There are 2 protein chains.
Amino acid sequence: MATISWHKGCVKLIDQTQLPQKLEYIHCRDVKTLWQAIRRLSVRGAPALGVAAALGVLLGIKSFPGNDRKRFVWHVDKISTYLATSRPTAVNLFNVLARMKQVIRCYPEASVTQLKSLLRKEALAIGKEDRRRCRQMGSWGARLVRSGSRLMTVCNAGALATVDYGTALGVMYTAKRQGKKFAVYACETRPLLQGARLTTWELLKAKIDTTLICDNMAATLMRQGKIDAVFTGADRIAANGDTANKIGTYNLAVLARHHQIPFYVVAPESSFDLSIATGQEIPIEERNREEVLGFGGRLTAPQQVKVYNPAFDVTDHALITAIVTEKGIIRPPFKRNIQKTFRD
Amino acid sequence: MATISWHKGCVKLIDQTQLPQKLEYIHCRDVKTLWQAIRRLSVRGAPALGVAAALGVLLGIKSFPGNDRKRFVWHVDKISTYLATSRPTAVNLFNVLARMKQVIRCYPEASVTQLKSLLRKEALAIGKEDRRRCRQMGSWGARLVRSGSRLMTVCNAGALATVDYGTALGVMYTAKRQGKKFAVYACETRPLLQGARLTTWELLKAKIDTTLICDNMAATLMRQGKIDAVFTGADRIAANGDTANKIGTYNLAVLARHHQIPFYVVAPESSFDLSIATGQEIPIEERNREEVLGFGGRLTAPQQVKVYNPAFDVTDHALITAIVTEKGIIRPPFKRNIQKTFRD
């Protein structure tokens, strides 16, 4: 089961807004439909958004008429710019779009037909790489999971946040395959409940011992000594290791520090943004007030109250124990070690 | 508007499960109906539960037949024991029941008719005291609110948690009356959303600048320097100052400490339990799994997942800046200063 794939000229993706009640697929035949699917979180998760952006470019070029290279390049730029407006925080989306445009620059002599083929190859390669990298992260990360331990996670950094397998949950899947026994506490992750809806669904399918909690219960579990490590994904990691991820992640990082619990981020190279020095420069998406005013589509608060709804927060690198990547486990000092890891 | 009152031989209370959509009253004509209203949180909040327990005793004795004092005493004991099973954490309920029984012990010669009258007086006095004490706490607490500040609160410690006015929100009402300008961030308080449903409703009625957030957004606001103080209520305070309150309170206390933000508890003497040394001895109610699996009857998570649903947590006294009571502001060292405050 792939979260997102290229299927007969269209992008096929699991409609994650319907889970866990229904497993339904959306077939995006044009860029706008895909843009809307990203916007309303039918597909979400930083690595999956990267793959979605690559496949979005394929959608945009498939019926490009004629053989005018200049117009084609302009067209790809236009599609990329449009796809880049879908969501602002996950850097994978922008990294992948840059990579697609780089293909064009690398082949200055290629015809439109050749470019179409090259872009198609690149996009499908990005999808394949995502699968491989998840397994590499899983292998590295599983070293940090001791048998008998109790892990906590937030939002969904699993198969549904990638093509399959996942980042933080990929670590758990690998540990499980290695025969390790452990339990997972999933934070429900208000307002859109990716933890309650997606993470528990995935973990139960994988037969992993899973307990659902509300986000505000994490502290009390830590205080009771019931959490041995926290594993989260990432939407964008700055050069110094500051990490933007789903709202509530920073909360958990502060709590983990207070209770002396290791806090691990699991993310591929495509989630790093080495062009920015610190997390302060990461744009944080604010989403609509209705998400907070209600629960599961039901209005629960007075309509006229003000709402603050940031979709992400930034965790100081100083609160992070280590970052698990496909190239190994990065430990502090992050600035130096991130550079070292990705320079090779 | 009283949250709970004695009205023509029945207990009249606002059905808080219906807010903010509907302002409806429940009329409890017998103890069992009141017990159920407490159990399903139609009335909640530690001080309000104390008053509910007192009025519950009145419900139980109103049609007691005959004049056999021994049987009457036994009957009051039975009602009290039953009411005490409604919810385990808020100590006000137990403190008030003990106080009602104390009335009987103080009048060993009184007839059943006289006892009925004495108990009625005592119960109504408890309600009146609650109103007065809320205003006293408000006056003390308002000293801690500077004009221009931004406050955070969790759950509902307002008029709806008391007969009227409130504890933590009472402080805000007083500050508002004093002409201070301030803004409040209300944490929604999963799973039952007392913050989203009740606190915002109250604060908007009082024309206080109110912003609703999900519980996991508190940390990011603090990190942005947008919170100057946290004010919460309490369900039970141990002799050393450890405080049980709505789940998520301990979370906020840890965050406040990390960001060097003052953390204030506002509670009357009836919320103190000096018979226990520390918060470890406070029984924490665990509620049913359905509260976490969804909201308002709508399922959002897979039915078969395990759930942990503690209704309260315990905040270490070391994380509390001060406790505001009707007798003044108690600062550390709490053990000594709590004793001193309530000995006089």
# chains A, B, ... in the order shown; residues from 1 in each chain; ligands from 1

$ select_by_dssp --residues "segment 76-224 of chain B" --states "strand (DSSP E)" --output "PyMOL selection string"
chain B and resi 149-153+182-187+209-213

$ write_last_selection --atoms "N, CA, C and O atoms" --output "short mmCIF file (atom, residue, chain, number, x, y, z; two decimals), in the first residue's frame"
data_model
loop_
_atom_site.label_atom_id
_atom_site.label_comp_id
_atom_site.auth_asym_id
_atom_site.auth_seq_id
_atom_site.Cartn_x
_atom_site.Cartn_y
_atom_site.Cartn_z
N SER B 149 -0.91 42.84 30.38
CA SER B 149 -0.33 41.49 30.37
C SER B 149 -1.22 40.49 29.63
O SER B 149 -2.38 40.74 29.34
N ARG B 150 -0.59 39.37 29.30
CA ARG B 150 -1.28 38.29 28.59
C ARG B 150 -1.25 37.06 29.47
O ARG B 150 -0.18 36.57 29.84
N LEU B 151 -2.44 36.57 29.80
CA LEU B 151 -2.58 35.48 30.76
C LEU B 151 -2.99 34.20 30.04
O LEU B 151 -3.62 34.24 28.99
N MET B 152 -2.64 33.09 30.65
CA MET B 152 -3.08 31.81 30.10
C MET B 152 -3.84 31.06 31.19
O MET B 152 -3.51 31.16 32.37
N THR B 153 -4.87 30.32 30.77
CA THR B 153 -5.58 29.49 31.73
C THR B 153 -5.99 28.17 31.06
O THR B 153 -5.96 28.07 29.83
N PHE B 182 -5.98 43.47 29.73
CA PHE B 182 -5.16 42.25 29.57
C PHE B 182 -5.87 41.33 28.58
O PHE B 182 -7.04 41.53 28.26
N ALA B 183 -5.13 40.37 28.09
CA ALA B 183 -5.70 39.39 27.17
C ALA B 183 -5.54 38.00 27.78
O ALA B 183 -4.62 37.76 28.56
N VAL B 184 -6.45 37.11 27.42
CA VAL B 184 -6.39 35.76 27.96
C VAL B 184 -6.31 34.73 26.83
O VAL B 184 -7.05 34.82 25.84
N TYR B 185 -5.40 33.79 26.97
CA TYR B 185 -5.35 32.63 26.09
C TYR B 185 -5.95 31.45 26.85
O TYR B 185 -5.47 31.09 27.92
N ALA B 186 -7.01 30.89 26.30
CA ALA B 186 -7.69 29.76 26.94
C ALA B 186 -7.28 28.46 26.25
O ALA B 186 -7.49 28.31 25.04
N CYS B 187 -6.70 27.54 26.99
CA CYS B 187 -6.38 26.22 26.43
C CYS B 187 -7.68 25.42 26.33
O CYS B 187 -8.46 25.38 27.29
N ASP B 209 -10.77 40.15 26.35
CA ASP B 209 -10.08 39.78 25.10
C ASP B 209 -9.58 38.32 25.21
O ASP B 209 -8.66 38.03 25.98
N THR B 210 -10.20 37.42 24.48
CA THR B 210 -9.96 35.98 24.66
C THR B 210 -9.56 35.30 23.36
O THR B 210 -10.21 35.50 22.34
N THR B 211 -8.52 34.49 23.43
CA THR B 211 -8.09 33.71 22.28
C THR B 211 -8.06 32.24 22.66
O THR B 211 -7.49 31.87 23.68
N LEU B 212 -8.68 31.42 21.83
CA LEU B 212 -8.72 29.98 22.07
C LEU B 212 -7.55 29.30 21.38
O LEU B 212 -7.24 29.61 20.23
N ILE B 213 -6.88 28.40 22.09
CA ILE B 213 -5.82 27.58 21.47
C ILE B 213 -6.04 26.12 21.82
O ILE B 213 -6.72 25.79 22.80
#

$ residues_around --residues "segment 97-107 of chain B" --least-positions-apart "3" --cutoff "7 Å" --atoms "only C-alpha atoms" --output "VMD selection string"
chain B and resid 53 to 54 80 93 to 94 110 115 119 122

$ write_last_selection --atoms "C-alpha atoms" --output "compact mmCIF listing (two decimals), in the first residue's frame"
# COMPACT_ATOMS: atom_id res chain seq x y z
CA ALA B 53 -22.54 17.94 47.80
CA ALA B 54 -24.02 20.21 50.50
CA SER B 80 -22.82 11.34 52.18
CA LEU B 93 -16.75 17.48 47.89
CA PHE B 94 -15.36 15.49 50.83
CA ALA B 110 -31.16 18.37 68.39
CA LEU B 115 -31.18 18.98 62.38
CA LEU B 119 -28.25 21.34 57.80
CA GLU B 122 -25.23 25.14 56.75

$ closest_residue --among "A:His259, A:Arg143, A:Lys180, A:Arg120" --to "Trp6 of chain A" --atoms "only C-alpha atoms"
A:Arg120

$ closest_atom_pairs --of "chain A" --to "chain B" --cutoff "9 Å" --atoms "only C-alpha atoms" --output "Markdown table"
| residue | atom | partner | partner_atom | distance |
| --- | --- | --- | --- | --- |
| A:Leu19 | CA | B:Thr300 | CA | 8.6 |
| A:Pro20 | CA | B:Pro302 | CA | 6.2 |
| A:Gln21 | CA | B:Pro302 | CA | 7.7 |
| A:Glu188 | CA | B:Val292 | CA | 8.6 |
| A:Thr189 | CA | B:Asn216 | CA | 7.6 |
| A:Arg190 | CA | B:Cys214 | CA | 6.4 |
| A:Pro191 | CA | B:Cys214 | CA | 6.7 |
| A:Leu193 | CA | B:Thr300 | CA | 7.9 |
| A:Gly195 | CA | B:Ala301 | CA | 8.7 |
| A:Ala196 | CA | B:Ala301 | CA | 5.0 |
| A:Arg197 | CA | B:Ala301 | CA | 4.9 |
| A:Leu198 | CA | B:Ala301 | CA | 8.1 |
| A:Thr200 | CA | B:Val305 | CA | 6.9 |
| A:Trp201 | CA | B:Pro302 | CA | 6.4 |
| A:Leu204 | CA | B:Val305 | CA | 7.3 |
| A:Asp209 | CA | B:Lys306 | CA | 8.3 |
| A:Thr210 | CA | B:Lys306 | CA | 6.3 |
| A:Thr211 | CA | B:Lys306 | CA | 4.5 |
| A:Leu212 | CA | B:Val307 | CA | 4.8 |
| A:Ile213 | CA | B:Tyr308 | CA | 5.7 |
| A:Cys214 | CA | B:Arg190 | CA | 6.4 |
| A:Asp215 | CA | B:Asn216 | CA | 6.1 |
| A:Asn216 | CA | B:Gly248 | CA | 4.4 |
| A:Met217 | CA | B:Gly248 | CA | 6.1 |
| A:Ala218 | CA | B:Asn251 | CA | 7.6 |
| A:Ala219 | CA | B:Asn251 | CA | 5.2 |
| A:Thr220 | CA | B:Asp313 | CA | 6.2 |
| A:Ile247 | CA | B:Met217 | CA | 6.3 |
| A:Gly248 | CA | B:Asn216 | CA | 4.4 |
| A:Thr249 | CA | B:Asn216 | CA | 8.1 |
| A:Tyr250 | CA | B:Ala219 | CA | 6.7 |
| A:Asn251 | CA | B:Ala219 | CA | 5.2 |
| A:Leu252 | CA | B:Asn216 | CA | 8.7 |
| A:Val254 | CA | B:Leu255 | CA | 6.8 |
| A:Leu255 | CA | B:Val254 | CA | 6.8 |
| A:His258 | CA | B:Val254 | CA | 7.3 |
| A:Val292 | CA | B:Cys214 | CA | 6.6 |
| A:Leu293 | CA | B:Ala196 | CA | 7.6 |
| A:Gly294 | CA | B:Ala196 | CA | 8.8 |
| A:Phe295 | CA | B:Phe295 | CA | 6.6 |
| A:Gly296 | CA | B:Thr300 | CA | 7.0 |
| A:Arg298 | CA | B:Gly296 | CA | 8.0 |
| A:Leu299 | CA | B:Gln21 | CA | 8.8 |
| A:Thr300 | CA | B:Arg197 | CA | 6.0 |
| A:Ala301 | CA | B:Arg197 | CA | 4.9 |
| A:Pro302 | CA | B:Pro20 | CA | 6.2 |
| A:Gln304 | CA | B:Leu204 | CA | 8.5 |
| A:Val305 | CA | B:Thr211 | CA | 6.3 |
| A:Lys306 | CA | B:Thr211 | CA | 4.5 |
| A:Val307 | CA | B:Leu212 | CA | 4.8 |
| A:Tyr308 | CA | B:Ile213 | CA | 5.7 |
| A:Asn309 | CA | B:Ile213 | CA | 6.7 |
| A:Pro310 | CA | B:Met217 | CA | 7.6 |
| A:Phe312 | CA | B:Met217 | CA | 8.9 |
| A:Asp313 | CA | B:Thr220 | CA | 6.2 |
| A:Val314 | CA | B:Thr220 | CA | 7.7 |

$ write_last_selection --atoms "C-alpha atoms" --output "compact mmCIF listing (two decimals), in the first residue's frame"
# COMPACT_ATOMS: atom_id res chain seq x y z
CA LEU A 19 -9.02 7.68 7.90
CA PRO A 20 -9.45 5.70 10.08
CA GLN A 21 -13.13 5.30 9.14
CA GLU A 188 -3.74 12.65 19.43
CA THR A 189 -2.39 15.89 17.94
CA ARG A 190 -5.07 18.52 17.91
CA PRO A 191 -6.54 20.14 15.97
CA LEU A 193 -5.89 14.52 15.13
CA GLY A 195 -2.05 11.00 15.92
CA ALA A 196 -5.48 9.66 16.86
CA ARG A 197 -6.61 9.02 13.30
CA LEU A 198 -3.48 8.01 11.39
CA THR A 200 -2.91 4.59 15.85
CA TRP A 201 -4.36 3.14 12.64
CA LEU A 204 -2.44 -1.24 15.12
CA ASP A 209 1.19 -2.10 21.42
CA THR A 210 -0.38 1.36 21.10
CA THR A 211 -2.08 3.68 23.59
CA LEU A 212 -3.83 6.88 22.56
CA ILE A 213 -3.63 9.96 24.78
CA CYS A 214 -4.70 13.58 24.52
CA ASP A 215 -1.78 15.95 23.98
CA ASN A 216 -2.07 17.40 27.48
CA MET A 217 -1.54 13.96 29.08
CA ALA A 218 2.06 13.56 27.88
CA ALA A 219 3.55 15.38 30.86
CA THR A 220 1.85 13.23 33.42
CA ILE A 247 2.43 21.85 16.62
CA GLY A 248 2.97 20.22 20.01
CA THR A 249 6.43 18.88 19.18
CA TYR A 250 8.20 21.72 20.97
CA ASN A 251 5.88 21.12 23.92
CA LEU A 252 7.04 17.48 24.09
CA VAL A 254 10.48 20.83 26.74
CA LEU A 255 8.72 18.12 28.76
CA HIS A 258 12.42 18.44 32.19
CA VAL A 292 -9.71 24.84 16.52
CA LEU A 293 -13.32 25.96 17.03
CA GLY A 294 -14.60 22.46 16.61
CA PHE A 295 -13.86 18.82 16.84
CA GLY A 296 -14.51 16.32 14.08
CA ARG A 298 -18.76 19.69 15.20
CA LEU A 299 -18.62 23.25 16.51
CA THR A 300 -17.62 23.19 20.16
CA ALA A 301 -16.55 26.75 21.00
CA PRO A 302 -18.38 30.07 20.65
CA GLN A 304 -17.06 34.67 17.84
CA VAL A 305 -13.96 33.83 19.94
CA LYS A 306 -10.51 34.67 18.56
CA VAL A 307 -8.36 31.70 17.59
CA TYR A 308 -4.63 31.12 17.20
CA ASN A 309 -3.89 28.09 15.04
CA PRO A 310 -0.23 27.60 14.10
CA PHE A 312 3.82 23.86 13.39
CA ASP A 313 6.24 24.87 16.09
CA VAL A 314 10.02 25.07 16.26

$ residues_around --residues "Arg135 of chain B" --least-positions-apart "3" --cutoff "8 Å" --atoms "only C-alpha atoms" --output "MDAnalysis selection string"
chainID B and resid 131:132 138:139 165 170 174 326

$ closest_residue --among "A:Ala123, A:Ala90, A:Val96, A:Gln136" --to "Ile284 of chain A" --atoms "only C-alpha atoms"
A:Ala90

$ atom_distance --atom1 "atom CA of Lys335 of chain A" --atom2 "atom CA of Ile237 of chain A"
10.8 Å

$ closest_residue --among "A:Ala239, A:Lys327, A:Val230, A:Cys28" --to "Ser275 of chain A" --atoms "only C-alpha atoms"
A:Ala239

$ residues_around --residues "Thr89 of chain B" --least-positions-apart "6" --cutoff "7 Å" --atoms "only C-alpha atoms" --output "list in words"
Asp235, Arg236, Ile282, Pro283, Ile284 and Glu285 of chain B

$ atom_distance --atom1 "atom CA of Gly241 of chain A" --atom2 "atom CA of Phe334 of chain A"
5.5 Å

$ closest_residue --among "B:Ala2, B:Met222, B:Leu118, B:Ile79" --to "Gly166 of chain B" --atoms "only C-alpha atoms"
B:Ala2

$ atom_distance --atom1 "atom CA of Ala322 of chain A" --atom2 "atom CA of Gly45 of chain A"
20.2 Å

$ residues_around --residues "Ile320 of chain A" --least-positions-apart "2" --cutoff "7 Å" --atoms "only C-alpha atoms" --output "ChimeraX atom specification"
/A:263-264,317-318,322

$ write_last_selection --atoms "N, CA and C atoms" --output "PDB file, in the first residue's frame"
ATOM      1  N   PHE A 263      15.080  12.824  23.341  1.00  0.00           N
ATOM      2  CA  PHE A 263      14.141  13.339  22.355  1.00  0.00           C
ATOM      3  C   PHE A 263      14.784  13.229  20.971  1.00  0.00           C
ATOM      4  N   TYR A 264      14.232  12.354  20.120  1.00  0.00           N
ATOM      5  CA  TYR A 264      14.834  12.074  18.818  1.00  0.00           C
ATOM      6  C   TYR A 264      13.965  12.584  17.669  1.00  0.00           C
ATOM      7  N   HIS A 317      17.354  23.345  18.918  1.00  0.00           N
ATOM      8  CA  HIS A 317      18.269  22.199  18.768  1.00  0.00           C
ATOM      9  C   HIS A 317      18.799  21.741  20.125  1.00  0.00           C
ATOM     10  N   ALA A 318      18.868  22.658  21.072  1.00  0.00           N
ATOM     11  CA  ALA A 318      19.408  22.307  22.388  1.00  0.00           C
ATOM     12  C   ALA A 318      18.542  21.285  23.118  1.00  0.00           C
ATOM     13  N   ALA A 322      19.218  13.707  19.444  1.00  0.00           N
ATOM     14  CA  ALA A 322      19.884  13.291  18.205  1.00  0.00           C
ATOM     15  C   ALA A 322      18.895  13.361  17.056  1.00  0.00           C
TER      16      ALA A 322
END

$ residues_around --residues "Ser111 of chain A" --least-positions-apart "2" --cutoff "8 Å" --atoms "only C-alpha atoms" --output "PyMOL selection string"
chain A and resi 67+69+109+113-115

$ residues_around --residues "Leu144 of chain B" --least-positions-apart "4" --cutoff "10 Å" --atoms "only C-alpha atoms" --output "list of chain:residue names"
B:Ser139, B:Trp140, B:Val171, B:Ala175, B:Ala229, B:Phe231, B:Pro262, B:Tyr264, B:Ala322, B:Val324, B:Ile329

$ select_by_dssp --residues "segment 123-328 of chain B" --states "alpha helix (DSSP H)" --output "NGL selection string"
:B and (123-142 or 168-177 or 194 or 200-205 or 218-223 or 249-258 or 290-293)

$ write_last_selection --atoms "C-alpha atoms" --output "PDB file, in the first residue's frame"
ATOM      1  CA  ALA B 123     -25.672  24.167  53.095  1.00  0.00           C
ATOM      2  CA  LEU B 124     -26.959  27.593  52.133  1.00  0.00           C
ATOM      3  CA  ALA B 125     -24.110  29.182  54.112  1.00  0.00           C
ATOM      4  CA  ILE B 126     -21.611  27.087  52.159  1.00  0.00           C
ATOM      5  CA  GLY B 127     -23.079  28.470  48.927  1.00  0.00           C
ATOM      6  CA  LYS B 128     -22.911  32.038  50.225  1.00  0.00           C
ATOM      7  CA  GLU B 129     -19.355  31.595  51.447  1.00  0.00           C
ATOM      8  CA  ASP B 130     -18.365  30.309  48.038  1.00  0.00           C
ATOM      9  CA  ARG B 131     -19.563  33.554  46.456  1.00  0.00           C
ATOM     10  CA  ARG B 132     -17.789  35.701  49.026  1.00  0.00           C
ATOM     11  CA  ARG B 133     -14.560  33.726  48.867  1.00  0.00           C
ATOM     12  CA  CYS B 134     -14.413  33.951  45.093  1.00  0.00           C
ATOM     13  CA  ARG B 135     -14.467  37.729  45.397  1.00  0.00           C
ATOM     14  CA  GLN B 136     -11.799  37.668  48.106  1.00  0.00           C
ATOM     15  CA  MET B 137      -9.570  35.473  45.930  1.00  0.00           C
ATOM     16  CA  GLY B 138     -10.275  37.839  43.062  1.00  0.00           C
ATOM     17  CA  SER B 139      -9.059  40.816  45.083  1.00  0.00           C
ATOM     18  CA  TRP B 140      -5.877  39.107  46.183  1.00  0.00           C
ATOM     19  CA  GLY B 141      -5.162  37.604  42.796  1.00  0.00           C
ATOM     20  CA  ALA B 142      -5.765  40.807  40.840  1.00  0.00           C
ATOM     21  CA  ALA B 168      -8.713  31.786  38.387  1.00  0.00           C
ATOM     22  CA  LEU B 169     -11.249  33.604  36.210  1.00  0.00           C
ATOM     23  CA  GLY B 170     -12.496  35.499  39.268  1.00  0.00           C
ATOM     24  CA  VAL B 171      -9.036  37.048  39.420  1.00  0.00           C
ATOM     25  CA  MET B 172      -9.522  38.208  35.830  1.00  0.00           C
ATOM     26  CA  TYR B 173     -13.006  39.563  36.504  1.00  0.00           C
ATOM     27  CA  THR B 174     -11.645  41.593  39.404  1.00  0.00           C
ATOM     28  CA  ALA B 175      -8.704  42.882  37.377  1.00  0.00           C
ATOM     29  CA  LYS B 176     -11.150  43.877  34.638  1.00  0.00           C
ATOM     30  CA  ARG B 177     -13.324  45.758  37.148  1.00  0.00           C
ATOM     31  CA  GLN B 194     -14.058  22.845  29.200  1.00  0.00           C
ATOM     32  CA  THR B 200     -14.327  31.248  26.323  1.00  0.00           C
ATOM     33  CA  TRP B 201     -18.097  31.529  26.800  1.00  0.00           C
ATOM     34  CA  GLU B 202     -17.630  33.148  30.212  1.00  0.00           C
ATOM     35  CA  LEU B 203     -14.804  35.454  29.199  1.00  0.00           C
ATOM     36  CA  LEU B 204     -16.626  36.673  26.093  1.00  0.00           C
ATOM     37  CA  LYS B 205     -19.698  37.457  28.225  1.00  0.00           C
ATOM     38  CA  ALA B 218       0.747  26.722  24.784  1.00  0.00           C
ATOM     39  CA  ALA B 219       4.480  26.061  24.546  1.00  0.00           C
ATOM     40  CA  THR B 220       4.910  27.942  21.300  1.00  0.00           C
ATOM     41  CA  LEU B 221       3.107  31.015  22.668  1.00  0.00           C
ATOM     42  CA  MET B 222       5.364  30.987  25.709  1.00  0.00           C
ATOM     43  CA  ARG B 223       8.426  30.658  23.514  1.00  0.00           C
ATOM     44  CA  THR B 249      -2.111  21.737  34.272  1.00  0.00           C
ATOM     45  CA  TYR B 250       1.178  20.025  35.136  1.00  0.00           C
ATOM     46  CA  ASN B 251       2.126  20.317  31.456  1.00  0.00           C
ATOM     47  CA  LEU B 252       1.617  24.100  31.636  1.00  0.00           C
ATOM     48  CA  ALA B 253       3.542  24.330  34.899  1.00  0.00           C
ATOM     49  CA  VAL B 254       6.595  22.625  33.378  1.00  0.00           C
ATOM     50  CA  LEU B 255       6.385  24.889  30.328  1.00  0.00           C
ATOM     51  CA  ALA B 256       5.987  27.993  32.493  1.00  0.00           C
ATOM     52  CA  ARG B 257       9.079  27.058  34.481  1.00  0.00           C
ATOM     53  CA  HIS B 258      11.096  26.446  31.303  1.00  0.00           C
ATOM     54  CA  GLU B 290     -14.807   7.152  24.724  1.00  0.00           C
ATOM     55  CA  GLU B 291     -13.874  10.676  25.861  1.00  0.00           C
ATOM     56  CA  VAL B 292     -10.476  10.339  24.170  1.00  0.00           C
ATOM     57  CA  LEU B 293     -11.577   8.239  21.185  1.00  0.00           C
TER      58      LEU B 293
END

$ closest_residue --among "A:Gln260, A:Thr243, A:Thr85, A:Asn288" --to "Ile227 of chain A" --atoms "only C-alpha atoms"
A:Gln260
